Amino acid sequence: MAHDEAGFSLPELLAALPLLLLLGFAMLNVFGMGSKYHRDFLGDWELLQQVRFPMEEIAKDVRYCGEMRLERPYGDMTVLYIKRHYLTPSDAASENYWQRYKFIRRGEEDYWITKNDQPVLGRTAITDIRLNRCECQLLADGKVRVLISGINMATGHSFRLERTLYSYGYGMEPARESDEDG
Amino acid sequence: MWKKLLLIQSDGSEWRRAETGYFFLDVLGGAAAAAALAASLAYINVQLSYMDDLEGSITAAGMARDQLDRLCIEKQAGDLGVHCVEANGYAFRLTSTKASGELWDTIRYQVEIEWQDRRGRQHFAIQKEVGDGA
């Protein structure tokens, strides 16, 4: 006597369900792993930007500056003043006569950088990025050493840039009043 | 083994299985799922490699520009030649050279930087002409 087989028998289900669970669990794990790697990737990308961007911004301003000075008004703050090359002495009253980079130490291995009182860096919700070292040292006229180092707290991955920045001295000679009149 | 048991009925007769023609599609589906998984893992690997390589490139770019600035402004003979520097897990080799510029009374400085990353040996060179300031 022959029977058409329809549906699943109990042993088939008993065998298939654990396999299905196992497969589902494995797929979820793979998906979770992929998601974590992607988040880490974005976090490390963010870390690079958080370190690179202030360095590039400072390098650009230093390259075309006429004068620099460094002050430490408080123990936890270093201010790098960079005189804009295109401003004349008559602009000295302007608050933008000097570019002001503030390296503010907010806690243990946690720094923040502002430019003219505006934050240079943004906050990210992807992961916890911290600048764990920010140092600035004036070596000579038109020569400054800047170190910025950051860490992605989620992965422990760190990235550090250390550069000696030079001014090419454009605008080192103060503009004369007669030049402005002319 | 469990499948064999299903085929035996209490009266001794056998079941005739009704499923036909699905096996190839099942294999195809399985292969598609495996390919998707492999592609995801490969994509992750590419992303992570790219990030590592990007770190090397950014570090190299800053280092070469610093070296060129140093040569052009400080003009120290000791900065010429080969220098090896390690940063962000990479070993960089900087080769600085000096030659006469195209214009009269100018010097051309060149910095070539090399480093090894996951994709292989990378290098680039930048150069600049400045007055010799003599």
# chains A, B, ... in the order shown; residues from 1 in each chain; ligands from 1
$ select_by_dssp --residues "segment 8-182 of chain A" --states "helix (DSSP H, G or I)" --output "ChimeraX atom specification"
/A:10-63,89-91,177-181
$ interface_residues --of "chain A" --to "chain B" --cutoff "10 Å" --atoms "only C-alpha atoms" --output "number ranges by chain"
A: 1-6, 9-12, 15, 27, 30-31, 33-38, 40-42, 44-45, 48, 52, 55-56, 59, 63, 143, 158-168
$ write_last_selection --atoms "C-alpha atoms" --output "tab-separated table (two decimals), in the first residue's frame"
chain	number	residue	atom	x	y	z
A	1	MET	CA	0.00	0.00	0.00
A	2	ALA	CA	1.40	3.35	-0.99
A	3	HIS	CA	0.76	6.70	0.74
A	4	ASP	CA	1.32	10.17	-0.60
A	5	GLU	CA	3.50	11.99	1.87
A	6	ALA	CA	2.06	15.35	2.85
A	9	SER	CA	6.36	13.96	10.27
A	10	LEU	CA	7.23	14.51	13.92
A	11	PRO	CA	10.77	13.13	13.67
A	12	GLU	CA	11.37	15.34	10.64
A	15	ALA	CA	15.34	17.08	13.44
A	27	MET	CA	23.15	33.83	10.93
A	30	VAL	CA	27.29	36.63	11.61
A	31	PHE	CA	24.97	39.59	11.24
A	33	MET	CA	29.62	40.44	13.86
A	34	GLY	CA	29.17	42.31	10.57
A	35	SER	CA	27.30	45.07	12.34
A	36	LYS	CA	30.04	45.37	14.97
A	37	TYR	CA	32.78	45.49	12.36
A	38	HIS	CA	30.88	48.14	10.46
A	40	ASP	CA	34.14	49.81	14.42
A	41	PHE	CA	35.00	50.85	10.88
A	42	LEU	CA	32.88	53.99	11.17
A	44	ASP	CA	37.92	54.38	13.35
A	45	TRP	CA	37.04	56.57	10.39
A	48	LEU	CA	40.98	59.66	11.82
A	52	ARG	CA	43.35	64.88	11.03
A	55	MET	CA	45.80	69.29	12.38
A	56	GLU	CA	45.03	70.28	8.78
A	59	ALA	CA	48.61	73.69	9.44
A	63	ARG	CA	51.39	78.22	6.72
A	143	LYS	CA	57.70	77.19	13.56
A	158	SER	CA	44.57	54.96	18.61
A	159	PHE	CA	45.82	57.33	15.96
A	160	ARG	CA	48.43	60.01	16.42
A	161	LEU	CA	49.73	62.82	14.26
A	162	GLU	CA	52.76	64.84	15.18
A	163	ARG	CA	53.85	67.60	12.90
A	164	THR	CA	56.20	70.53	12.81
A	165	LEU	CA	54.36	73.31	11.04
A	166	TYR	CA	56.09	76.17	9.29
A	167	SER	CA	54.91	79.58	8.30
A	168	TYR	CA	56.05	80.64	4.88
$ residues_around --residues "segment 85-102 of chain A" --least-positions-apart "4" --cutoff "6 Å" --atoms "only C-alpha atoms" --output "list in words"
Cys65, Gly66, Thr78, Val79, Leu80, Tyr81, Ile113, Thr114, Lys115, Asn116, Gly171 and Ala175 of chain A
$ atom_distance --atom1 "atom CA of Leu80 of chain B" --atom2 "atom CA of Phe124 of chain B"
16.9 Å
$ select_by_dssp --residues "segment 29-180 of chain A" --states "strand (DSSP E)" --output "NGL selection string"
:A and (65-74 or 77-84 or 98-107 or 110-115 or 118-119 or 129-140 or 143-152 or 157-166)
